[in-house]
$ cat data05.pdb   # PDB, C-alpha atoms
MODEL        1
ATOM      1  CA  MET S   1      15.915  13.374 -26.009
ATOM      2  CA  SER S   2      12.453  14.826 -25.366
ATOM      3  CA  ALA S   3      10.473  14.192 -22.176
ATOM      4  CA  LEU S   4       8.085  11.903 -24.080
ATOM      5  CA  GLN S   5      10.957   9.835 -25.491
ATOM      6  CA  ALA S   6      12.294   9.307 -21.940
ATOM      7  CA  SER S   7       8.883   8.296 -20.575
ATOM      8  CA  PRO S   8       7.790   4.745 -19.782
ATOM      9  CA  ARG S   9       5.687   3.274 -22.576
ATOM     10  CA  ILE S  10       2.593   3.416 -20.382
ATOM     11  CA  SER S  11       2.081   5.899 -17.543
ATOM     12  CA  PRO S  12      -0.882   7.669 -15.883
ATOM     13  CA  PHE S  13      -1.861  11.024 -17.411
ATOM     14  CA  LEU S  14      -4.108  13.111 -15.147
ATOM     15  CA  TRP S  15      -6.316  15.991 -16.318
ATOM     16  CA  PHE S  16      -6.776  18.786 -13.783
ATOM     17  CA  ASP S  17      -8.836  21.971 -13.896
ATOM     18  CA  GLN S  18      -6.045  24.571 -13.744
ATOM     19  CA  ASN S  19      -4.626  23.213 -10.453
ATOM     20  CA  ALA S  20      -2.123  20.615 -11.697
ATOM     21  CA  GLU S  21       0.812  22.390 -10.011
ATOM     22  CA  GLU S  22      -1.024  22.411  -6.678
ATOM     23  CA  ALA S  23      -1.911  18.724  -7.067
ATOM     24  CA  VAL S  24       1.668  17.754  -7.924
ATOM     25  CA  ALA S  25       2.984  19.635  -4.882
ATOM     26  CA  PHE S  26       0.341  17.933  -2.707
ATOM     27  CA  TYR S  27       1.117  14.408  -3.950
ATOM     28  CA  THR S  28       4.919  14.756  -3.946
ATOM     29  CA  GLY S  29       4.709  16.016  -0.360
ATOM     30  CA  ILE S  30       2.973  12.810   0.751
ATOM     31  CA  PHE S  31       4.906   9.963  -0.866
ATOM     32  CA  PRO S  32       8.597   9.161  -0.315
ATOM     33  CA  ASN S  33      10.945   9.063  -3.313
ATOM     34  CA  SER S  34       8.759  11.622  -5.092
ATOM     35  CA  ARG S  35       9.592  14.706  -7.094
ATOM     36  CA  GLN S  36       8.461  17.066  -9.800
ATOM     37  CA  LEU S  37      10.362  16.377 -12.997
ATOM     38  CA  THR S  38       9.753  18.613 -16.000
ATOM     39  CA  GLY S  39       7.161  21.212 -16.794
ATOM     40  CA  PHE S  40       6.005  22.357 -20.205
ATOM     41  CA  ARG S  41       4.729  25.907 -20.541
ATOM     42  CA  SER S  42       2.131  26.661 -23.160
ATOM     43  CA  PRO S  43       3.718  28.557 -26.069
ATOM     44  CA  VAL S  44       0.319  29.999 -27.029
ATOM     45  CA  GLN S  45      -3.060  30.644 -25.412
ATOM     46  CA  THR S  46      -4.714  27.225 -24.930
ATOM     47  CA  SER S  47      -6.661  25.890 -21.964
ATOM     48  CA  VAL S  48      -4.098  27.897 -19.967
ATOM     49  CA  PRO S  49      -2.665  31.341 -20.682
ATOM     50  CA  GLU S  50       0.477  31.560 -22.778
ATOM     51  CA  GLY S  51       3.571  30.946 -20.639
ATOM     52  CA  LYS S  52       1.723  29.102 -17.869
ATOM     53  CA  ILE S  53       2.344  25.429 -17.031
ATOM     54  CA  LEU S  54       0.335  23.157 -19.328
ATOM     55  CA  VAL S  55       1.901  19.768 -18.484
ATOM     56  CA  ILE S  56       4.019  18.578 -15.529
ATOM     57  CA  ASP S  57       5.839  15.266 -15.238
ATOM     58  CA  PHE S  58       6.351  13.931 -11.716
ATOM     59  CA  GLU S  59       7.137  10.774  -9.769
ATOM     60  CA  LEU S  60       5.368   9.321  -6.751
ATOM     61  CA  ASN S  61       7.494   6.737  -5.000
ATOM     62  CA  GLY S  62       9.290   6.114  -8.276
ATOM     63  CA  GLN S  63       6.108   5.795 -10.425
ATOM     64  CA  LYS S  64       5.991   8.349 -13.232
ATOM     65  CA  PHE S  65       2.852  10.453 -13.783
ATOM     66  CA  THR S  66       1.934  13.395 -15.966
ATOM     67  CA  ALA S  67      -0.486  16.134 -14.909
ATOM     68  CA  MET S  68      -2.126  18.606 -17.259
ATOM     69  CA  ASN S  69      -3.951  21.863 -16.691
ATOM     70  CA  GLY S  70      -6.725  20.883 -19.064
ATOM     71  CA  GLY S  71      -9.648  22.933 -17.818
ATOM     72  CA  PRO S  72     -13.071  22.075 -16.406
ATOM     73  CA  GLU S  73     -14.320  19.823 -19.227
ATOM     74  CA  PHE S  74     -13.367  16.472 -17.674
ATOM     75  CA  LYS S  75     -13.576  15.232 -14.090
ATOM     76  CA  PHE S  76     -12.120  12.210 -12.361
ATOM     77  CA  THR S  77     -14.457   9.314 -11.568
ATOM     78  CA  LYS S  78     -14.080   6.365  -9.231
ATOM     79  CA  ALA S  79     -13.854   4.111 -12.286
ATOM     80  CA  ILE S  80     -10.107   4.840 -12.087
ATOM     81  CA  SER S  81      -8.287   4.765  -8.760
ATOM     82  CA  PHE S  82      -4.760   4.391  -7.443
ATOM     83  CA  VAL S  83      -3.996   1.656  -4.926
ATOM     84  CA  VAL S  84      -1.504   2.387  -2.155
ATOM     85  CA  THR S  85      -0.359  -0.859  -0.547
ATOM     86  CA  CYS S  86       0.745  -0.426   3.051
ATOM     87  CA  GLU S  87       2.846  -2.715   5.225
ATOM     88  CA  ASP S  88       1.109  -1.888   8.508
ATOM     89  CA  GLN S  89      -1.631   0.124  10.179
ATOM     90  CA  HIS S  90       0.721   3.038  10.742
ATOM     91  CA  GLU S  91       1.182   3.419   6.967
ATOM     92  CA  ILE S  92      -2.547   3.077   6.344
ATOM     93  CA  ASP S  93      -3.245   5.780   8.933
ATOM     94  CA  HIS S  94      -0.527   8.050   7.476
ATOM     95  CA  TYR S  95      -1.664   7.881   3.841
ATOM     96  CA  TRP S  96      -5.322   8.002   4.794
ATOM     97  CA  ALA S  97      -4.858  11.180   6.850
ATOM     98  CA  LYS S  98      -2.787  12.923   4.173
ATOM     99  CA  LEU S  99      -4.777  11.993   1.074
ATOM    100  CA  SER S 100      -8.204  12.543   2.646
ATOM    101  CA  GLN S 101      -7.383  16.136   3.749
ATOM    102  CA  GLY S 102      -9.988  18.280   2.028
ATOM    103  CA  GLY S 103     -11.449  15.220   0.284
ATOM    104  CA  LYS S 104     -13.952  12.637   1.394
ATOM    105  CA  GLU S 105     -13.822   9.173   2.865
ATOM    106  CA  ILE S 106     -15.794   6.572   0.979
ATOM    107  CA  GLN S 107     -15.871   2.895   2.047
ATOM    108  CA  CYS S 108     -13.737  -0.265   2.084
ATOM    109  CA  GLY S 109     -10.457   1.658   2.142
ATOM    110  CA  TRP S 110     -11.432   4.078  -0.636
ATOM    111  CA  LEU S 111     -11.207   7.850  -0.443
ATOM    112  CA  GLU S 112     -11.449  10.759  -2.829
ATOM    113  CA  ASP S 113      -8.795  13.439  -2.434
ATOM    114  CA  ARG S 114      -9.477  17.175  -2.663
ATOM    115  CA  PHE S 115      -8.839  17.078  -6.428
ATOM    116  CA  GLY S 116     -11.453  14.353  -6.958
ATOM    117  CA  LEU S 117      -8.960  11.528  -7.573
ATOM    118  CA  ALA S 118      -9.890   8.154  -6.025
ATOM    119  CA  TRP S 119      -7.391   6.202  -3.902
ATOM    120  CA  GLN S 120      -7.523   2.798  -2.235
ATOM    121  CA  ILE S 121      -5.407   2.615   0.926
ATOM    122  CA  VAL S 122      -4.990  -1.090   1.668
ATOM    123  CA  PRO S 123      -2.720  -3.486   3.567
ATOM    124  CA  SER S 124      -0.292  -5.367   1.316
ATOM    125  CA  ARG S 125      -1.710  -8.651   2.616
ATOM    126  CA  LEU S 126      -5.353  -7.735   1.967
ATOM    127  CA  GLY S 127      -5.910 -10.867  -0.121
ATOM    128  CA  ASP S 128      -4.858 -13.116   2.760
ATOM    129  CA  LEU S 129      -6.889 -11.111   5.277
ATOM    130  CA  LEU S 130     -10.063 -11.451   3.200
ATOM    131  CA  LYS S 131      -9.964 -15.222   2.701
ATOM    132  CA  HIS S 132     -12.453 -15.675   5.539
ATOM    133  CA  PRO S 133     -16.019 -14.528   4.721
ATOM    134  CA  ASN S 134     -16.337 -12.761   8.088
ATOM    135  CA  ALA S 135     -13.310 -10.623   7.266
ATOM    136  CA  MET S 136     -14.877  -9.632   3.952
ATOM    137  CA  LEU S 137     -18.100  -8.720   5.746
ATOM    138  CA  ALA S 138     -16.117  -6.698   8.293
ATOM    139  CA  MET S 139     -14.315  -4.811   5.527
ATOM    140  CA  MET S 140     -17.619  -3.922   3.887
ATOM    141  CA  GLN S 141     -18.574  -2.090   7.102
ATOM    142  CA  MET S 142     -15.310  -0.126   7.312
ATOM    143  CA  VAL S 143     -14.382   3.190   5.826
ATOM    144  CA  LYS S 144     -10.621   3.271   6.577
ATOM    145  CA  LEU S 145      -9.334  -0.298   6.798
ATOM    146  CA  ASN S 146      -8.243  -1.601  10.188
ATOM    147  CA  ILE S 147      -5.860  -4.548   9.989
ATOM    148  CA  ALA S 148      -6.452  -5.737  13.581
ATOM    149  CA  GLU S 149     -10.225  -5.787  13.070
ATOM    150  CA  LEU S 150      -9.845  -7.690   9.794
ATOM    151  CA  GLU S 151      -7.592 -10.236  11.498
ATOM    152  CA  GLN S 152     -10.038 -10.628  14.372
ATOM    153  CA  ALA S 153     -12.998 -11.052  12.001
ATOM    154  CA  GLY S 154     -11.048 -13.698  10.081
ATOM    155  CA  GLN S 155     -10.620 -15.746  13.246
ATOM    156  CA  SER S 156     -14.279 -15.847  14.143
TER     157      SER S 156
ENDMDL
END
$ encode --input "data05.pdb" --output "structure tokens"
Amino acid sequence: MSALQASPRISPFLWFDQNAEEAVAFYTGIFPNSRQLTGFRSPVQTSVPEGKILVIDFELNGQKFTAMNGGPEFKFTKAISFVVTCEDQHEIDHYWAKLSQGGKEIQCGWLEDRFGLAWQIVPSRLGDLLKHPNAMLAMMQMVKLNIAELEQAGQS
């Protein structure tokens, strides 16, 4: 059975500019239950030299992804992002610190990692926290989300 036959019917496919291996190592080092799966080396000169990794399959916390060394033609935009739901502030702080290394912090729990991929680092109960308008207003002023401050804003 080929790697594509064993894949889920729908999974994220990420285009990198010749640094897919570095990105996969970065991401699998952050999330638990993560690993590199298979790699496909280019049999001919393409966007990568012959014999170099063209496509890598990997898992992040059990979710399958594919990364490709596609070249500089396409860049990530914030129109697509990955949401990391966190049980507590400790998890938010952990993922925020790791994923923002070399990237940039945005607003409302969003960041862009050093590869240009957008992430949302949010509490799993964000919907409940934002039911009060003051909590929503508080979130709009935050960069990294702070659960205690959202709770406090929701009580005022």
$ residues_near_point --input "data05.pdb" --point "(-5.4, 8.9, -14.2)" --cutoff "9 Å" --atoms "all atoms listed in the file" --output "list in words"
Ser11, Pro12, Phe13, Leu14, Trp15, Phe65, Thr66, Ala67, Phe76, Ile80, Ser81, Phe82 and Leu117 of chain S
$ resolve_selection --input "data05.pdb" --expression "the PyMOL selection byres ((chain S and resi 145) around 10)" --output "list of chain:residue names"
S:Gln89, S:Ile92, S:Asp93, S:Trp96, S:Gln107, S:Cys108, S:Gly109, S:Trp110, S:Gln120, S:Ile121, S:Val122, S:Pro123, S:Leu126, S:Ala138, S:Met139, S:Met140, S:Gln141, S:Met142, S:Val143, S:Lys144, S:Asn146, S:Ile147, S:Ala148, S:Glu149, S:Leu150
$ resolve_selection --input "data05.pdb" --expression "the PyMOL selection byres ((chain S and resi 75) around 8)" --output "list in words"
Trp15, Phe16, Pro72, Glu73, Phe74, Phe76, Thr77 and Gly116 of chain S
$ atom_distance --input "data05.pdb" --atom1 "atom CA of Ser34 of chain S" --atom2 "atom CA of Gly103 of chain S"
21.2 Å
$ residues_near_point --input "data05.pdb" --point "(5.3, 16.6, -19.6)" --cutoff "10 Å" --atoms "only C-alpha atoms" --output "number ranges by chain"
S: 2-4, 7, 13, 37-41, 53-58, 65-68
$ atom_distance --input "data05.pdb" --atom1 "atom CA of Ile106 of chain S" --atom2 "atom CA of Phe31 of chain S"
21.1 Å
$ atom_distance --input "data05.pdb" --atom1 "atom CA of Ala118 of chain S" --atom2 "atom CA of Arg9 of chain S"
23.2 Å
$ residues_around --input "data05.pdb" --residues "Asn61 of chain S" --least-positions-apart "6" --cutoff "10 Å" --atoms "only C-alpha atoms" --output "list in words"
Thr28, Ile30, Phe31, Pro32, Asn33, Ser34 and Arg35 of chain S
$ residues_around --input "data05.pdb" --residues "segment 43-48 of chain S" --least-positions-apart "6" --cutoff "9 Å" --atoms "all atoms listed in the file" --output "ChimeraX atom specification"
/S:18,54,69-71
$ write_last_selection --input "data05.pdb" --atoms "C-alpha atoms" --output "PDB file, keeping the file's coordinate frame"
ATOM      1  CA  GLN S  18      -6.045  24.571 -13.744  1.00  0.00           C
ATOM      2  CA  LEU S  54       0.335  23.157 -19.328  1.00  0.00           C
ATOM      3  CA  ASN S  69      -3.951  21.863 -16.691  1.00  0.00           C
ATOM      4  CA  GLY S  70      -6.725  20.883 -19.064  1.00  0.00           C
ATOM      5  CA  GLY S  71      -9.648  22.933 -17.818  1.00  0.00           C
TER       6      GLY S  71
END
$ closest_residue --input "data05.pdb" --among "S:Asp17, S:Glu151, S:Ser156, S:Tyr27" --to "Gln101 of chain S" --atoms "only C-alpha atoms"
S:Tyr27
